[in-house]
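With compact mmCIF, C-alpha atoms inside, this is upload_39.txt:
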```txt
# COMPACT_ATOMS: atom_id res chain seq x y z
CA MET A 1 0.00 0.00 0.00
CA LYS A 2 1.30 3.42 -0.94
CA HIS A 3 1.32 5.87 1.96
CA ARG A 4 0.13 9.33 1.12
CA GLY A 5 2.85 11.87 1.76
CA ALA A 6 5.69 9.34 1.58
CA PRO A 7 8.84 10.88 0.09
CA PRO A 8 9.47 9.86 -3.53
CA ARG A 9 12.37 7.52 -4.15
CA ASP A 10 15.16 8.66 -6.42
CA LYS A 11 14.69 6.85 -9.69
CA PRO A 12 17.85 6.60 -11.79
CA SER A 13 17.73 8.05 -15.28
CA GLN A 14 19.31 6.24 -18.19
CA LEU A 15 21.09 7.07 -21.41
CA ARG A 16 22.56 4.81 -24.03
CA ILE A 17 26.00 4.60 -25.56
CA ILE A 18 25.60 5.28 -29.25
CA GLY A 19 28.79 3.93 -30.81
CA GLY A 20 31.80 1.68 -30.43
CA THR A 21 32.38 -1.47 -28.38
CA TRP A 22 29.58 -0.73 -25.92
CA ARG A 23 27.06 0.55 -28.45
CA GLY A 24 23.51 0.13 -27.13
CA ARG A 25 24.58 -0.38 -23.51
CA LYS A 26 22.78 1.82 -21.00
CA LEU A 27 24.24 4.02 -18.29
CA SER A 28 22.28 4.79 -15.14
CA PHE A 29 22.71 8.06 -13.27
CA LEU A 30 20.88 10.02 -10.59
CA ALA A 31 19.30 13.36 -11.38
CA ARG A 32 21.50 15.95 -9.71
CA PRO A 33 21.35 19.78 -9.66
CA GLY A 34 22.72 21.16 -12.93
CA LEU A 35 23.25 17.71 -14.47
CA ARG A 36 22.34 17.87 -18.15
CA PRO A 37 23.57 14.91 -20.21
CA THR A 38 24.62 15.72 -23.76
CA SER A 39 21.89 14.46 -26.10
CA ASP A 40 22.26 11.49 -28.45
CA ARG A 41 22.02 13.82 -31.44
CA VAL A 42 24.80 16.09 -30.24
CA ARG A 43 27.04 13.19 -29.19
CA GLU A 44 26.60 11.54 -32.58
CA THR A 45 27.69 14.71 -34.38
CA LEU A 46 30.56 15.37 -31.98
CA PHE A 47 32.04 11.91 -32.33
CA ASN A 48 31.70 12.04 -36.09
CA TRP A 49 33.86 15.17 -35.91
CA LEU A 50 36.33 13.47 -33.57
CA ALA A 51 36.40 10.08 -35.34
CA PRO A 52 40.01 10.30 -36.60
CA ALA A 53 41.30 11.42 -33.19
CA VAL A 54 39.53 9.21 -30.64
CA THR A 55 41.40 5.90 -31.01
CA GLY A 56 44.23 5.81 -28.49
CA ALA A 57 43.41 9.28 -27.15
CA ASN A 58 43.94 10.44 -23.58
CA CYS A 59 40.73 12.29 -22.63
CA LEU A 60 39.57 14.66 -19.90
CA ASP A 61 35.84 14.95 -19.14
CA LEU A 62 35.35 18.10 -17.05
CA PHE A 63 31.98 18.60 -15.30
CA ALA A 64 31.49 14.94 -16.16
CA GLY A 65 27.93 14.66 -14.77
CA SER A 66 26.57 11.41 -16.17
CA GLY A 67 29.94 10.58 -17.72
CA ALA A 68 28.31 10.24 -21.15
CA LEU A 69 31.04 12.00 -23.14
CA GLY A 70 33.99 10.25 -21.55
CA VAL A 71 32.36 6.81 -21.63
CA GLU A 72 31.42 7.33 -25.28
CA ALA A 73 35.07 8.13 -26.00
CA LEU A 74 36.22 4.95 -24.20
CA SER A 75 33.67 2.91 -26.12
CA ARG A 76 35.09 4.27 -29.36
CA GLY A 77 38.68 3.36 -28.55
CA ALA A 78 40.13 6.09 -26.34
CA GLU A 79 43.03 4.85 -24.26
CA HIS A 80 42.05 6.61 -21.02
CA CYS A 81 39.65 9.20 -19.63
CA ASP A 82 39.83 11.28 -16.46
CA PHE A 83 36.32 12.11 -15.22
CA ILE A 84 36.17 15.27 -13.09
CA GLU A 85 32.98 15.74 -11.08
CA SER A 86 32.47 17.72 -7.86
CA ASP A 87 29.18 16.03 -6.91
CA SER A 88 30.03 12.83 -5.01
CA LEU A 89 26.81 11.01 -5.96
CA ALA A 90 27.24 11.77 -9.65
CA ALA A 91 30.88 10.67 -9.42
CA LYS A 92 29.85 7.37 -7.80
CA SER A 93 27.40 6.72 -10.65
CA ILE A 94 30.22 7.19 -13.16
CA GLN A 95 32.46 4.79 -11.23
CA ASP A 96 29.65 2.21 -11.00
CA ASN A 97 29.05 2.45 -14.75
CA LEU A 98 32.74 1.96 -15.50
CA HIS A 99 32.74 -1.22 -13.42
CA MET A 100 29.53 -2.39 -15.12
CA LEU A 101 31.02 -1.95 -18.60
CA GLU A 102 33.17 -5.08 -18.47
CA ASP A 103 35.19 -3.50 -15.66
CA ALA A 104 36.54 -0.63 -17.77
CA SER A 105 37.64 1.15 -14.60
CA PRO A 106 41.37 0.81 -15.35
CA ARG A 107 40.82 3.03 -18.41
CA GLY A 108 38.72 5.55 -16.52
CA ARG A 109 39.62 7.50 -13.40
CA VAL A 110 37.02 9.47 -11.45
CA ASP A 111 38.12 12.43 -9.31
CA ILE A 112 35.69 14.19 -6.95
CA VAL A 113 37.04 17.70 -7.26
CA ASP A 114 36.15 21.13 -8.63
CA ALA A 115 37.15 21.47 -12.29
CA LEU A 116 39.18 24.66 -11.81
CA THR A 117 41.05 23.18 -8.87
CA PHE A 118 41.88 20.10 -10.93
CA ILE A 119 43.10 22.06 -13.95
CA ARG A 120 45.27 24.39 -11.90
CA SER A 121 47.16 21.46 -10.38
CA ALA A 122 47.26 19.16 -13.43
CA GLN A 123 50.25 20.40 -15.43
CA ARG A 124 49.98 17.78 -18.17
CA PRO A 125 48.29 17.67 -21.58
CA TRP A 126 45.29 15.69 -22.84
CA ASP A 127 44.43 14.85 -26.44
CA ILE A 128 40.69 15.53 -26.11
CA VAL A 129 39.03 17.69 -23.45
CA PHE A 130 35.25 17.87 -22.96
CA VAL A 131 34.05 21.15 -21.42
CA ASP A 132 30.33 20.99 -20.67
CA PRO A 133 29.76 23.17 -17.57
CA PRO A 134 26.40 24.06 -16.02
CA PHE A 135 24.94 26.76 -18.23
CA ASP A 136 24.08 29.12 -15.38
CA GLY A 137 27.58 29.05 -13.92
CA ARG A 138 29.14 31.14 -16.71
CA ILE A 139 32.47 29.44 -16.04
CA GLY A 140 33.20 27.99 -19.48
CA THR A 141 35.40 30.81 -20.78
CA VAL A 142 37.47 30.76 -17.59
CA ILE A 143 37.95 27.00 -17.99
CA LEU A 144 39.16 27.47 -21.57
CA GLU A 145 41.65 30.12 -20.43
CA ASP A 146 42.93 27.93 -17.61
CA LEU A 147 43.34 24.88 -19.84
CA ALA A 148 45.67 26.93 -22.03
CA ALA A 149 47.47 28.57 -19.10
CA HIS A 150 48.18 25.38 -17.16
CA CYS A 151 49.73 23.19 -19.87
CA CYS A 152 46.65 20.97 -20.25
CA LEU A 153 46.75 21.01 -24.06
CA HIS A 154 49.24 20.33 -26.81
CA ASP A 155 49.22 21.67 -30.38
CA ASP A 156 47.05 18.81 -31.69
CA SER A 157 44.53 18.70 -28.84
CA TRP A 158 40.79 19.03 -29.39
CA VAL A 159 38.47 20.86 -26.99
CA TYR A 160 34.71 20.33 -27.04
CA PHE A 161 32.82 23.32 -25.61
CA GLU A 162 29.07 23.24 -24.94
CA THR A 163 27.08 26.31 -23.90
CA ARG A 164 23.64 27.86 -24.21
CA SER A 165 23.00 29.17 -27.73
CA SER A 166 20.73 32.02 -26.59
CA THR A 167 23.44 33.43 -24.29
CA PRO A 168 26.66 31.79 -25.48
CA GLU A 169 29.90 32.10 -23.59
CA PRO A 170 32.71 33.45 -25.78
CA VAL A 171 35.71 31.46 -26.96
CA PRO A 172 38.99 33.34 -26.32
CA ASP A 173 40.00 33.92 -29.94
CA ASN A 174 43.62 34.54 -29.00
CA LEU A 175 43.82 31.01 -27.60
CA TYR A 176 41.54 28.88 -29.79
CA ALA A 177 40.28 28.51 -33.33
CA VAL A 178 36.72 27.23 -33.85
CA HIS A 179 37.03 24.13 -36.05
CA ARG A 180 33.34 23.14 -36.08
CA GLU A 181 30.20 24.72 -34.64
CA LYS A 182 26.54 23.70 -34.54
CA THR A 183 23.33 24.29 -32.58
CA ALA A 184 20.63 21.92 -31.32
CA GLY A 185 17.73 23.74 -29.68
CA ASP A 186 19.24 26.05 -27.07
CA VAL A 187 22.58 24.24 -27.12
CA LEU A 188 25.58 25.64 -28.98
CA TYR A 189 28.42 23.17 -29.29
CA ARG A 190 31.84 23.87 -30.73
CA LEU A 191 34.99 21.91 -31.44
CA LEU A 192 38.09 23.99 -30.80
CA THR A 193 41.80 23.70 -31.52
CA PRO A 194 44.43 25.58 -29.54
CA ILE A 195 46.35 28.33 -31.28
CA SER A 196 50.09 27.80 -30.99
CA ALA A 197 52.08 30.61 -29.43
CA PRO A 198 54.31 32.39 -31.97
```
Represent the structure from my file as structure tokens, please.
Amino acid sequence: MKHRGAPPRDKPSQLRIIGGTWRGRKLSFLARPGLRPTSDRVRETLFNWLAPAVTGANCLDLFAGSGALGVEALSRGAEHCDFIESDSLAAKSIQDNLHMLEDASPRGRVDIVDALTFIRSAQRPWDIVFVDPPFDGRIGTVILEDLAAHCCLHDDSWVYFETRSSTPEPVPDNLYAVHREKTAGDVLYRLLTPISAP
């Protein structure tokens, strides 16, 4: 019997991996404040753009949330992905999903830490970086600046940057060139390459 006024149980949401070894497998994650998984449509386009670069890549998934971007990269042949998520429950869901996917945890590391704090202490480059911050935080441009300032990128790195299309955050044009750009509803997503210092 259902008791009136009983608190609702958290029901995990799901999304599916759309390509690679784990295509069709589902990831479960809890709804958390600001968590907004990148849609199937956007992920499909993004990984079509990244197809030549993903195999063997070392990836960084900032504001990882559900972990969809980093897990998709691992499914498509990335060598490793660091998942950075400040919410401990969201981070645990990512870790659980990595174990569920044929124990892929050795190729994925989950750190419960603020993205800026992580970047400012990293001092090493990644091949592909996913930057998908909460839209209302207006922190994306700062993250892009810090990635360049703290040696997190090399000349051939790719940076994915997702923001709201109605009020987009700017890309520092002295640091990055926009390689591809597209919108889906109120989402503007761009693939960037770092500009080498003269």
**Message:** Ranking A:Gly77, A:Pro194, A:Gly24, A:Pro133 by minimum distance to Ala149 of chain A and counting all atoms listed in the file, which one comes first?
**Reply:**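 So, comparing all the options, the nearest one is A:Pro194.
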**Message:** When you look at Arg16 of chain A with a cut-off of 12 Å (counting only C-alpha atoms), what residues show up, excluding the ones that are within fewer than 2 positions of it in the same chain? I need them as number ranges by chain.
**Reply:** A: 13-14, 18-20, 22-29, 37-41, 43-44, 66-69, 71-72, 75, 97
**Request:** Please write as a VMD selection string the list of polymer residues whose atoms come within 8 Å of (36.4, 25.4, -34.3), counting only C-alpha atoms and keeping to the coordinates of the file.
**Result:** chain A and resid 176 to 181 190 to 193
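Of the residues under consideration (A:Leu89, A:Leu144, A:Val129, A:Leu116), A:Val129 shows the shortest atom-to-atom contact distance to Ala57 of chain A when counting only C-alpha atoms.
Taking atom CA of Val171 of chain A as the reference point, atom CA of Trp158 of chain A is found at 13.6 Å.
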**Request:** Could you check how far atom CA of Ser121 of chain A sits from atom CA of Thr141 of chain A, in Å to one decimal?
**Result:**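 Taking atom CA of Ser121 of chain A and atom CA of Thr141 of chain A, their separation equals 18.3 Å.
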**Prompt:** Restricting the calculation to all atoms listed in the file, which member of A:Phe118, A:Phe63, A:Trp49, A:Phe161 is positioned closest to Asp146 of chain A?
**Reply:**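 Smallest separation from Asp146 of chain A among the options: A:Phe118.
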**Request:** Enter the distance from atom CA of Cys152 of chain A to atom CA of Cys81 of chain A, in Å, rounded to one decimal.
**Result:** 13.7 Å
Please list as a PDB file with C-alpha atoms, in the coordinates of the input every residue within 9 Å of Pro125 of chain A, counting only C-alpha atoms and excluding residues in the same chain fewer than 4 positions away.
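This went into part13.pdb:
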```
ATOM      1  CA  ASN A  58      43.940  10.440 -23.580  1.00  0.00           C
ATOM      2  CA  LEU A 147      43.340  24.880 -19.840  1.00  0.00           C
ATOM      3  CA  HIS A 150      48.180  25.380 -17.160  1.00  0.00           C
ATOM      4  CA  CYS A 151      49.730  23.190 -19.870  1.00  0.00           C
ATOM      5  CA  CYS A 152      46.650  20.970 -20.250  1.00  0.00           C
ATOM      6  CA  LEU A 153      46.750  21.010 -24.060  1.00  0.00           C
ATOM      7  CA  HIS A 154      49.240  20.330 -26.810  1.00  0.00           C
ATOM      8  CA  SER A 157      44.530  18.700 -28.840  1.00  0.00           C
TER       9      SER A 157
END
```
**Asked** For Phe83 of chain A, which residue among A:Ser165, A:Phe130, A:His99, A:Ala122 is the nearest when counting all atoms listed in the file?
**Response** A:Phe130
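Remark: for Asp87 of chain A, the closest of the candidate residues A:Leu74, A:Val187, A:Ala148, A:Val110 is A:Val110 (distances computed over all atoms listed in the file).
When all atoms listed in the file are used to compute distances to Pro106 of chain A, the closest of the residues A:Glu79, A:Ser93, A:Asp127, A:Ile143 turns out to be A:Glu79.
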**Request:** Would you list the contacts of Thr167 of chain A as a ChimeraX atom specification, taking every protein, DNA or RNA residue within 10 Å and counting all atoms listed in the file, but skipping same-chain residues closer than 2 positions in sequence?
**Result:** /A:135-136,138,163-165,169-170,186-188
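Near (32.0, 16.3, -11.2), the residues that fall inside 7 Å on the basis of only C-alpha atoms are Leu62, Phe63, Ala64, Gly65, Ile84, Glu85, Ser86, Asp87, Ala90, Ala91, Ile112, Val113 and Asp114 of chain A.
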**Item:** Close residues, His80 of chain A itself excluded, 6 Å, only C-alpha atoms, min 2 positions apart in chain, as a list in words
**Value:**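 The neighbour list is Asn58, Ala78, Arg107 and Gly108 of chain A.
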